[in-house]
$ cat model-v4.tsv   # TSV, C-alpha atoms and all ligand atoms
chain	number	residue	atom	x	y	z
W	1	MET	CA	-126.27	9.25	137.65
W	2	ILE	CA	-124.41	12.28	138.94
W	3	HIS	CA	-124.69	12.63	142.73
W	4	GLU	CA	-122.81	15.35	144.57
W	5	VAL	CA	-123.25	15.88	148.31
W	6	LEU	CA	-122.34	19.30	149.64
W	7	PRO	CA	-122.53	20.14	153.36
W	8	VAL	CA	-124.10	23.61	153.48
W	9	GLY	CA	-124.51	26.25	156.17
W	10	MET	CA	-123.42	26.44	159.79
W	11	LEU	CA	-125.17	23.15	160.72
W	12	GLY	CA	-123.61	21.24	157.81
W	13	CYS	CA	-126.82	20.10	156.13
W	14	ASN	CA	-126.05	17.58	153.39
W	15	CYS	CA	-127.41	19.13	150.19
W	16	SER	CA	-127.63	16.59	147.34
W	17	VAL	CA	-127.45	17.43	143.66
W	18	ILE	CA	-128.59	14.48	141.58
W	19	GLY	CA	-128.44	14.70	137.82
W	20	ASP	CA	-128.99	12.70	134.67
W	21	GLU	CA	-126.01	12.93	132.31
W	22	ALA	CA	-127.99	12.29	129.13
W	23	SER	CA	-130.73	14.89	129.59
W	24	GLY	CA	-128.86	17.32	131.86
W	25	GLU	CA	-131.85	17.39	134.21
W	26	ALA	CA	-131.18	17.70	137.93
W	27	ILE	CA	-132.97	17.68	141.28
W	28	VAL	CA	-131.50	19.68	144.15
W	29	ILE	CA	-132.39	18.38	147.61
W	30	ASP	CA	-132.15	20.54	150.75
W	31	PRO	CA	-130.40	23.72	149.57
W	32	GLY	CA	-130.12	25.08	153.11
W	33	ASP	CA	-127.44	27.66	152.29
W	34	ASP	CA	-124.36	28.24	150.08
W	35	VAL	CA	-126.47	28.67	146.95
W	36	ALA	CA	-123.48	29.99	144.97
W	37	GLU	CA	-121.68	26.68	145.52
W	38	ILE	CA	-124.78	24.73	144.49
W	39	MET	CA	-125.04	26.83	141.32
W	40	ALA	CA	-121.33	26.15	140.63
W	41	ILE	CA	-121.94	22.38	140.82
W	42	LEU	CA	-124.85	22.63	138.38
W	43	GLU	CA	-122.76	24.70	136.00
W	44	ARG	CA	-119.64	22.50	136.22
W	45	ARG	CA	-121.72	19.36	135.58
W	46	GLY	CA	-123.76	20.93	132.78
W	47	LEU	CA	-127.02	20.42	134.70
W	48	LYS	CA	-130.26	22.36	134.83
W	49	ALA	CA	-132.27	22.20	138.07
W	50	LYS	CA	-135.75	20.84	137.33
W	51	MET	CA	-136.99	20.70	140.91
W	52	ILE	CA	-135.99	21.77	144.41
W	53	VAL	CA	-136.93	19.16	147.01
W	54	ILE	CA	-137.14	20.08	150.69
W	55	THR	CA	-137.06	17.01	152.97
W	56	HIS	CA	-138.46	19.16	155.80
W	57	ALA	CA	-138.77	22.84	156.61
W	58	HIS	CA	-136.00	23.30	159.18
W	59	ILE	CA	-133.97	26.35	158.28
W	60	ASP	CA	-130.75	24.40	157.67
W	61	HIS	CA	-132.56	22.48	154.88
W	62	ILE	CA	-134.79	25.19	153.38
W	63	GLY	CA	-132.79	28.40	153.98
W	64	GLY	CA	-131.43	28.80	150.42
W	65	ALA	CA	-134.49	27.48	148.58
W	66	GLU	CA	-136.03	30.82	147.60
W	67	LYS	CA	-132.70	32.13	146.33
W	68	LEU	CA	-132.08	28.95	144.32
W	69	ARG	CA	-135.59	29.09	142.88
W	70	SER	CA	-135.16	32.68	141.77
W	71	LEU	CA	-131.85	31.78	140.06
W	72	THR	CA	-133.03	28.56	138.36
W	73	GLY	CA	-136.82	28.90	138.02
W	74	ALA	CA	-137.17	25.39	139.46
W	75	PRO	CA	-140.31	24.76	141.55
W	76	VAL	CA	-140.14	23.97	145.25
W	77	TYR	CA	-141.46	20.53	146.24
W	78	MET	CA	-142.33	20.06	149.92
W	79	HIS	CA	-144.95	18.43	152.15
W	80	GLU	CA	-147.81	20.69	153.26
W	81	ALA	CA	-147.59	19.44	156.85
W	82	ASP	CA	-144.34	21.41	157.30
W	83	ARG	CA	-145.91	24.78	156.46
W	84	MET	CA	-146.13	25.40	160.20
W	85	LEU	CA	-142.31	25.42	160.18
W	86	SER	CA	-141.64	27.28	156.91
W	87	ASP	CA	-144.08	30.02	158.00
W	88	ARG	CA	-141.87	30.57	161.07
W	89	LEU	CA	-138.46	30.92	159.46
W	90	ASP	CA	-138.05	34.13	161.47
W	91	VAL	CA	-138.30	32.16	164.74
W	92	GLN	CA	-135.96	29.45	163.44
W	93	ALA	CA	-133.43	32.09	162.36
W	94	ALA	CA	-133.59	33.69	165.81
W	95	TRP	CA	-132.66	30.33	167.42
W	96	LEU	CA	-129.49	30.31	165.32
W	97	GLY	CA	-128.88	34.05	165.58
W	98	ILE	CA	-128.92	34.56	161.82
W	99	GLU	CA	-130.94	36.70	159.44
W	100	ALA	CA	-134.24	35.12	158.39
W	101	PRO	CA	-134.22	33.83	154.79
W	102	ARG	CA	-137.26	34.34	152.57
W	103	ASN	CA	-139.96	31.67	152.71
W	104	PRO	CA	-140.09	29.88	149.34
W	105	GLY	CA	-143.62	28.55	149.92
W	106	ILE	CA	-144.65	25.33	148.17
W	107	ASP	CA	-145.05	25.14	144.37
W	108	THR	CA	-145.80	21.41	144.30
W	109	PRO	CA	-147.08	19.66	147.44
W	110	ALA	CA	-145.27	16.40	148.22
W	111	ARG	CA	-147.38	13.27	148.58
W	112	GLU	CA	-146.57	9.72	149.65
W	113	GLY	CA	-146.16	7.62	146.50
W	114	ASP	CA	-145.13	10.45	144.17
W	115	VAL	CA	-142.40	9.51	141.70
W	116	LEU	CA	-140.02	12.37	140.87
W	117	ARG	CA	-138.14	12.12	137.58
W	118	ALA	CA	-135.09	13.79	136.08
W	119	GLY	CA	-134.15	12.12	132.80
W	120	SER	CA	-133.87	8.42	133.62
W	121	ILE	CA	-133.66	9.05	137.38
W	122	GLU	CA	-136.63	7.93	139.46
W	123	ALA	CA	-137.12	8.93	143.09
W	124	ASN	CA	-140.00	7.52	145.13
W	125	VAL	CA	-141.39	9.84	147.78
W	126	LEU	CA	-141.96	8.39	151.25
W	127	HIS	CA	-143.77	10.45	153.88
W	128	THR	CA	-141.72	9.77	157.02
W	129	PRO	CA	-143.08	12.07	159.77
W	130	GLY	CA	-141.68	12.23	163.28
W	131	HIS	CA	-138.71	14.62	163.13
W	132	SER	CA	-141.30	17.04	161.70
W	133	PRO	CA	-144.88	16.43	160.52
W	134	GLY	CA	-144.01	16.87	156.84
W	135	SER	CA	-140.65	15.07	156.71
W	136	ILE	CA	-140.13	13.10	153.51
W	137	SER	CA	-137.44	10.68	152.31
W	138	LEU	CA	-136.51	9.92	148.69
W	139	TYR	CA	-135.84	6.33	147.63
W	140	LEU	CA	-133.98	5.82	144.34
W	141	PRO	CA	-134.51	2.10	143.58
W	142	LEU	CA	-132.34	2.02	140.44
W	143	GLU	CA	-129.40	3.43	142.42
W	144	SER	CA	-130.17	1.67	145.75
W	145	LYS	CA	-130.00	5.01	147.53
W	146	LEU	CA	-132.14	6.68	150.19
W	147	ILE	CA	-131.99	10.40	150.88
W	148	ALA	CA	-133.30	10.42	154.43
W	149	GLY	CA	-133.37	14.06	155.54
W	150	ASP	CA	-133.19	14.18	159.34
W	151	THR	CA	-135.25	11.02	159.86
W	152	LEU	CA	-132.45	8.41	159.96
W	153	PHE	CA	-128.76	8.98	160.70
W	154	ARG	CA	-125.76	6.70	160.97
W	155	GLY	CA	-126.27	5.23	164.46
W	156	SER	CA	-128.97	7.73	165.37
W	157	VAL	CA	-132.36	9.17	164.46
W	158	GLY	CA	-133.70	12.71	164.10
W	159	ARG	CA	-134.51	14.68	167.24
W	160	THR	CA	-138.19	14.91	168.12
W	161	ASP	CA	-138.10	17.68	170.74
W	162	LEU	CA	-138.65	20.52	168.26
W	163	PRO	CA	-142.17	21.81	167.39
W	164	GLY	CA	-144.13	19.12	165.55
W	165	GLY	CA	-141.73	16.34	166.53
W	166	ASP	CA	-143.15	12.97	167.64
W	167	THR	CA	-141.03	10.11	169.02
W	168	GLY	CA	-143.59	7.36	168.38
W	169	GLN	CA	-144.15	8.60	164.85
W	170	ILE	CA	-140.46	8.67	163.85
W	171	ALA	CA	-140.05	5.08	165.09
W	172	ARG	CA	-143.09	4.00	163.05
W	173	SER	CA	-141.76	5.82	159.96
W	174	ILE	CA	-138.35	4.16	160.27
W	175	ARG	CA	-139.64	0.66	161.01
W	176	GLY	CA	-142.56	0.77	158.61
W	177	LYS	CA	-141.07	2.58	155.61
W	178	LEU	CA	-137.26	2.68	155.81
W	179	TYR	CA	-136.32	-0.66	157.40
W	180	THR	CA	-138.50	-2.40	154.79
W	181	LEU	CA	-136.18	-1.20	151.99
W	182	PRO	CA	-133.44	-3.60	150.77
W	183	ASP	CA	-130.54	-4.02	153.22
W	184	GLU	CA	-127.99	-2.84	150.65
W	185	THR	CA	-129.69	0.56	150.25
W	186	ILE	CA	-127.15	3.31	150.93
W	187	VAL	CA	-128.56	5.97	153.25
W	188	PHE	CA	-127.60	9.63	152.79
W	189	PRO	CA	-128.68	11.37	156.01
W	190	GLY	CA	-129.34	15.09	156.37
W	191	HIS	CA	-126.14	15.43	158.41
W	192	GLY	CA	-122.98	13.35	158.75
W	193	ASP	CA	-121.81	10.16	157.10
W	194	THR	CA	-123.61	7.65	154.91
W	195	THR	CA	-124.74	4.28	156.20
W	196	SER	CA	-126.95	1.44	154.91
W	197	ILE	CA	-130.40	0.15	155.78
W	198	GLY	CA	-128.92	-3.24	156.77
W	199	VAL	CA	-126.39	-1.72	159.17
W	200	GLU	CA	-128.99	0.49	160.85
W	201	LYS	CA	-131.52	-2.36	161.16
W	202	ARG	CA	-128.89	-4.41	162.97
W	203	SER	CA	-127.18	-1.76	165.10
W	204	ASN	CA	-129.10	1.53	165.40
W	205	PRO	CA	-129.50	1.96	169.18
W	206	PHE	CA	-132.56	4.24	168.91
W	207	VAL	CA	-134.86	2.32	166.59
W	208	ARG	CA	-134.45	-1.44	166.46
W	209	LEU	CA	-136.25	-3.59	163.94
L	1	ZN	ZN	-134.26	18.98	160.87
L	2	ZN	ZN	-131.00	19.26	159.72
$ encode --input "model-v4.tsv" --output "structure tokens" --more "lines below"
Ligand SMILES: [Zn+2]
Ligand SMILES: [Zn+2]
Amino acid sequence: MIHEVLPVGMLGCNCSVIGDEASGEAIVIDPGDDVAEIMAILERRGLKAKMIVITHAHIDHIGGAEKLRSLTGAPVYMHEADRMLSDRLDVQAAWLGIEAPRNPGIDTPAREGDVLRAGSIEANVLHTPGHSPGSISLYLPLESKLIAGDTLFRGSVGRTDLPGGDTGQIARSIRGKLYTLPDETIVFPGHGDTTSIGVEKRSNPFVRL
């Protein structure tokens, strides 16, 4: 499997491009900005975006989604519970002092238990609310990888002081759905370095097992 991680935008959101060599099908996760660079990765790797996945509707994760959709035709996959955030991209842009991007809307609503496919790649969708009501994580069992959005970080967890955040809920999401994955699962957080489920279970100071 091809997996490129590109930090995009002023907040350095980790955008992932995952692709299947044989079929050329790809899924782009969290195209927050720098769409030209994302397009260059797809082109260089000979990939065609089949779906755009938004782990949650904070502007640093969703900001480039409408532009990428118009360039690729790929549908936007996101949880309905984050509409309250994507409908207020103007407010989010004002916090950062940047121009508001266009709202991509939702083409395919994300649901717990969905399995996303690109060629032989399988990604299981976990609804992991707490950082935002509609936060999702993608678990790729064949690759032992978790794309965690802003739910779980190396040595930290997502902030819960923004609209729709819930401290009890993020702890339940992490304990109930992420810490139950195999210890060797490599975690790709929405910002910063990778970690593993085993390391976080043992040492994360915010959410202990
Ligand atoms: Zn966020
Ligand atoms: Zn973020």
$ closest_atom_pairs --input "model-v4.tsv" --of "chain W" --to "ligand ZN 2 (chain L)" --cutoff "12 Å" --atoms "all atoms listed in the file" --output "tab-separated table"
residue	atom	partner	partner_atom	distance
W:Pro7	CA	L:ZN2	ZN	10.6
W:Val8	CA	L:ZN2	ZN	10.3
W:Gly9	CA	L:ZN2	ZN	10.2
W:Met10	CA	L:ZN2	ZN	10.4
W:Leu11	CA	L:ZN2	ZN	7.1
W:Gly12	CA	L:ZN2	ZN	7.9
W:Cys13	CA	L:ZN2	ZN	5.6
W:Asn14	CA	L:ZN2	ZN	8.2
W:Cys15	CA	L:ZN2	ZN	10.2
W:Asp30	CA	L:ZN2	ZN	9.1
W:Pro31	CA	L:ZN2	ZN	11.1
W:Gly32	CA	L:ZN2	ZN	8.9
W:Asp33	CA	L:ZN2	ZN	11.8
W:Ile54	CA	L:ZN2	ZN	11.0
W:Thr55	CA	L:ZN2	ZN	9.3
W:His56	CA	L:ZN2	ZN	8.4
W:Ala57	CA	L:ZN2	ZN	9.1
W:His58	CA	L:ZN2	ZN	6.5
W:Ile59	CA	L:ZN2	ZN	7.8
W:Asp60	CA	L:ZN2	ZN	5.5
W:His61	CA	L:ZN2	ZN	6.0
W:Ile62	CA	L:ZN2	ZN	9.5
W:Gly63	CA	L:ZN2	ZN	10.9
W:Gln92	CA	L:ZN2	ZN	11.9
W:His131	CA	L:ZN2	ZN	9.6
W:Ser132	CA	L:ZN2	ZN	10.7
W:Ser135	CA	L:ZN2	ZN	10.9
W:Ala148	CA	L:ZN2	ZN	10.6
W:Gly149	CA	L:ZN2	ZN	7.1
W:Asp150	CA	L:ZN2	ZN	5.5
W:Thr151	CA	L:ZN2	ZN	9.3
W:Leu152	CA	L:ZN2	ZN	10.9
W:Phe153	CA	L:ZN2	ZN	10.6
W:Val157	CA	L:ZN2	ZN	11.2
W:Gly158	CA	L:ZN2	ZN	8.3
W:Arg159	CA	L:ZN2	ZN	9.5
W:Thr160	CA	L:ZN2	ZN	11.9
W:Leu162	CA	L:ZN2	ZN	11.5
W:Pro189	CA	L:ZN2	ZN	9.0
W:Gly190	CA	L:ZN2	ZN	5.6
W:His191	CA	L:ZN2	ZN	6.3
W:Gly192	CA	L:ZN2	ZN	10.0
$ residues_around --input "model-v4.tsv" --residues "Met51 of chain W" --least-positions-apart "2" --cutoff "8 Å" --atoms "only C-alpha atoms" --output "VMD selection string"
chain W and resid 26 to 28 49 53 74 to 77
$ residues_near_point --input "model-v4.tsv" --point "(-145.5, 11.5, 149.0)" --cutoff "6 Å" --atoms "only C-alpha atoms" --output "list in words"
Ala110, Arg111, Glu112, Gly113, Asp114, Val125, Leu126 and His127 of chain W
$ atom_distance --input "model-v4.tsv" --atom1 "atom CA of Leu209 of chain W" --atom2 "atom CA of Asp166 of chain W"
18.3 Å
$ atom_distance --input "model-v4.tsv" --atom1 "atom CA of Ser156 of chain W" --atom2 "atom CA of Pro205 of chain W"
6.9 Å
$ residues_near_point --input "model-v4.tsv" --point "(-128.4, 0.6, 147.9)" --cutoff "12 Å" --atoms "all atoms listed in the file" --output "JSON, numbers by chain"
{"W": [139, 140, 141, 142, 143, 144, 145, 146, 147, 181, 182, 183, 184, 185, 186, 187, 188, 194, 195, 196, 197, 198, 199]}
$ atom_distance --input "model-v4.tsv" --atom1 "atom CA of Ala36 of chain W" --atom2 "atom CA of Ala81 of chain W"
28.9 Å
$ closest_residue --input "model-v4.tsv" --among "W:Val91, W:Leu42, W:Leu85, W:Ala123" --to "ligand ZN 1 (chain L)" --atoms "only C-alpha atoms and all ligand atoms"
W:Leu85
$ closest_residue --input "model-v4.tsv" --among "W:Ile52, W:Pro163, W:Leu68, W:Pro101" --to "ligand ZN 1 (chain L)" --atoms "only C-alpha atoms and all ligand atoms"
W:Pro163
$ residues_around --input "model-v4.tsv" --residues "Gly130 of chain W" --least-positions-apart "6" --cutoff "6 Å" --atoms "all atoms listed in the file" --output "list in words"
Gly165, Asp166, Gln169 and Ile170 of chain W
$ closest_residue --input "model-v4.tsv" --among "W:Ile18, W:Ala40, W:Ile121, W:Ala65" --to "Ile106 of chain W" --atoms "only C-alpha atoms"
W:Ala65
$ closest_residue --input "model-v4.tsv" --among "W:Arg175, W:Ser137, W:Asp34, W:Gly24" --to "Leu116 of chain W" --atoms "all atoms listed in the file"
W:Ser137
$ residues_around --input "model-v4.tsv" --residues "Asn103 of chain W" --least-positions-apart "3" --cutoff "7 Å" --atoms "only C-alpha atoms" --output "PyMOL selection string"
chain W and resi 66+86-87+89
$ closest_residue --input "model-v4.tsv" --among "W:Ile2, W:Leu47, W:Ala171, W:Ile136" --to "ligand ZN 1 (chain L)" --atoms "all atoms listed in the file"
W:Ile136
$ build_atoms --input "model-v4.tsv" --residues "segment 163-190 of chain W" --atoms "N, CA and C atoms" --output "compact mmCIF listing (two decimals), in the frame of the given file"
# COMPACT_ATOMS: atom_id res chain seq x y z
N PRO W 163 -140.72 21.74 167.67
CA PRO W 163 -142.17 21.81 167.39
C PRO W 163 -142.59 20.86 166.28
N GLY W 164 -143.63 20.07 166.55
CA GLY W 164 -144.13 19.12 165.55
C GLY W 164 -143.45 17.78 165.59
N GLY W 165 -142.43 17.62 166.42
CA GLY W 165 -141.73 16.34 166.53
C GLY W 165 -142.57 15.32 167.30
N ASP W 166 -142.35 14.03 167.00
CA ASP W 166 -143.15 12.97 167.64
C ASP W 166 -142.32 11.68 167.67
N THR W 167 -141.93 11.26 168.87
CA THR W 167 -141.03 10.11 169.02
C THR W 167 -141.65 8.81 168.52
N GLY W 168 -142.93 8.58 168.84
CA GLY W 168 -143.59 7.36 168.38
C GLY W 168 -143.69 7.33 166.87
N GLN W 169 -143.96 8.50 166.30
CA GLN W 169 -144.15 8.60 164.85
C GLN W 169 -142.84 8.34 164.08
N ILE W 170 -141.73 8.87 164.59
CA ILE W 170 -140.46 8.67 163.85
C ILE W 170 -140.09 7.19 163.89
N ALA W 171 -140.35 6.52 165.01
CA ALA W 171 -140.05 5.08 165.09
C ALA W 171 -140.93 4.31 164.10
N ARG W 172 -142.20 4.69 164.01
CA ARG W 172 -143.09 4.00 163.05
C ARG W 172 -142.65 4.26 161.61
N SER W 173 -142.23 5.50 161.32
CA SER W 173 -141.76 5.82 159.96
C SER W 173 -140.54 4.98 159.60
N ILE W 174 -139.60 4.87 160.55
CA ILE W 174 -138.35 4.16 160.27
C ILE W 174 -138.62 2.66 160.14
N ARG W 175 -139.37 2.11 161.08
CA ARG W 175 -139.64 0.66 161.01
C ARG W 175 -140.52 0.31 159.82
N GLY W 176 -141.56 1.11 159.61
CA GLY W 176 -142.56 0.77 158.61
C GLY W 176 -142.18 1.10 157.18
N LYS W 177 -141.35 2.15 156.98
CA LYS W 177 -141.07 2.58 155.61
C LYS W 177 -139.59 2.53 155.22
N LEU W 178 -138.68 2.67 156.18
CA LEU W 178 -137.26 2.68 155.81
C LEU W 178 -136.63 1.30 156.02
N TYR W 179 -136.91 0.65 157.15
CA TYR W 179 -136.32 -0.66 157.40
C TYR W 179 -136.91 -1.75 156.49
N THR W 180 -137.96 -1.42 155.73
CA THR W 180 -138.50 -2.40 154.79
C THR W 180 -137.81 -2.30 153.42
N LEU W 181 -136.93 -1.31 153.24
CA LEU W 181 -136.18 -1.20 151.99
C LEU W 181 -135.07 -2.26 151.98
N PRO W 182 -134.51 -2.58 150.81
CA PRO W 182 -133.44 -3.60 150.77
C PRO W 182 -132.25 -3.22 151.65
N ASP W 183 -131.66 -4.24 152.31
CA ASP W 183 -130.54 -4.02 153.22
C ASP W 183 -129.39 -3.24 152.59
N GLU W 184 -129.16 -3.45 151.29
CA GLU W 184 -127.99 -2.84 150.65
C GLU W 184 -128.21 -1.36 150.30
N THR W 185 -129.41 -0.84 150.57
CA THR W 185 -129.69 0.56 150.25
C THR W 185 -128.74 1.49 151.02
N ILE W 186 -128.05 2.35 150.29
CA ILE W 186 -127.15 3.31 150.93
C ILE W 186 -127.97 4.52 151.40
N VAL W 187 -127.80 4.87 152.66
CA VAL W 187 -128.56 5.97 153.25
C VAL W 187 -127.69 7.24 153.28
N PHE W 188 -128.24 8.32 152.72
CA PHE W 188 -127.60 9.63 152.79
C PHE W 188 -128.40 10.49 153.77
N PRO W 189 -127.93 10.60 155.01
CA PRO W 189 -128.68 11.37 156.01
C PRO W 189 -128.52 12.88 155.79
N GLY W 190 -129.38 13.63 156.48
CA GLY W 190 -129.34 15.09 156.37
C GLY W 190 -128.10 15.72 156.98
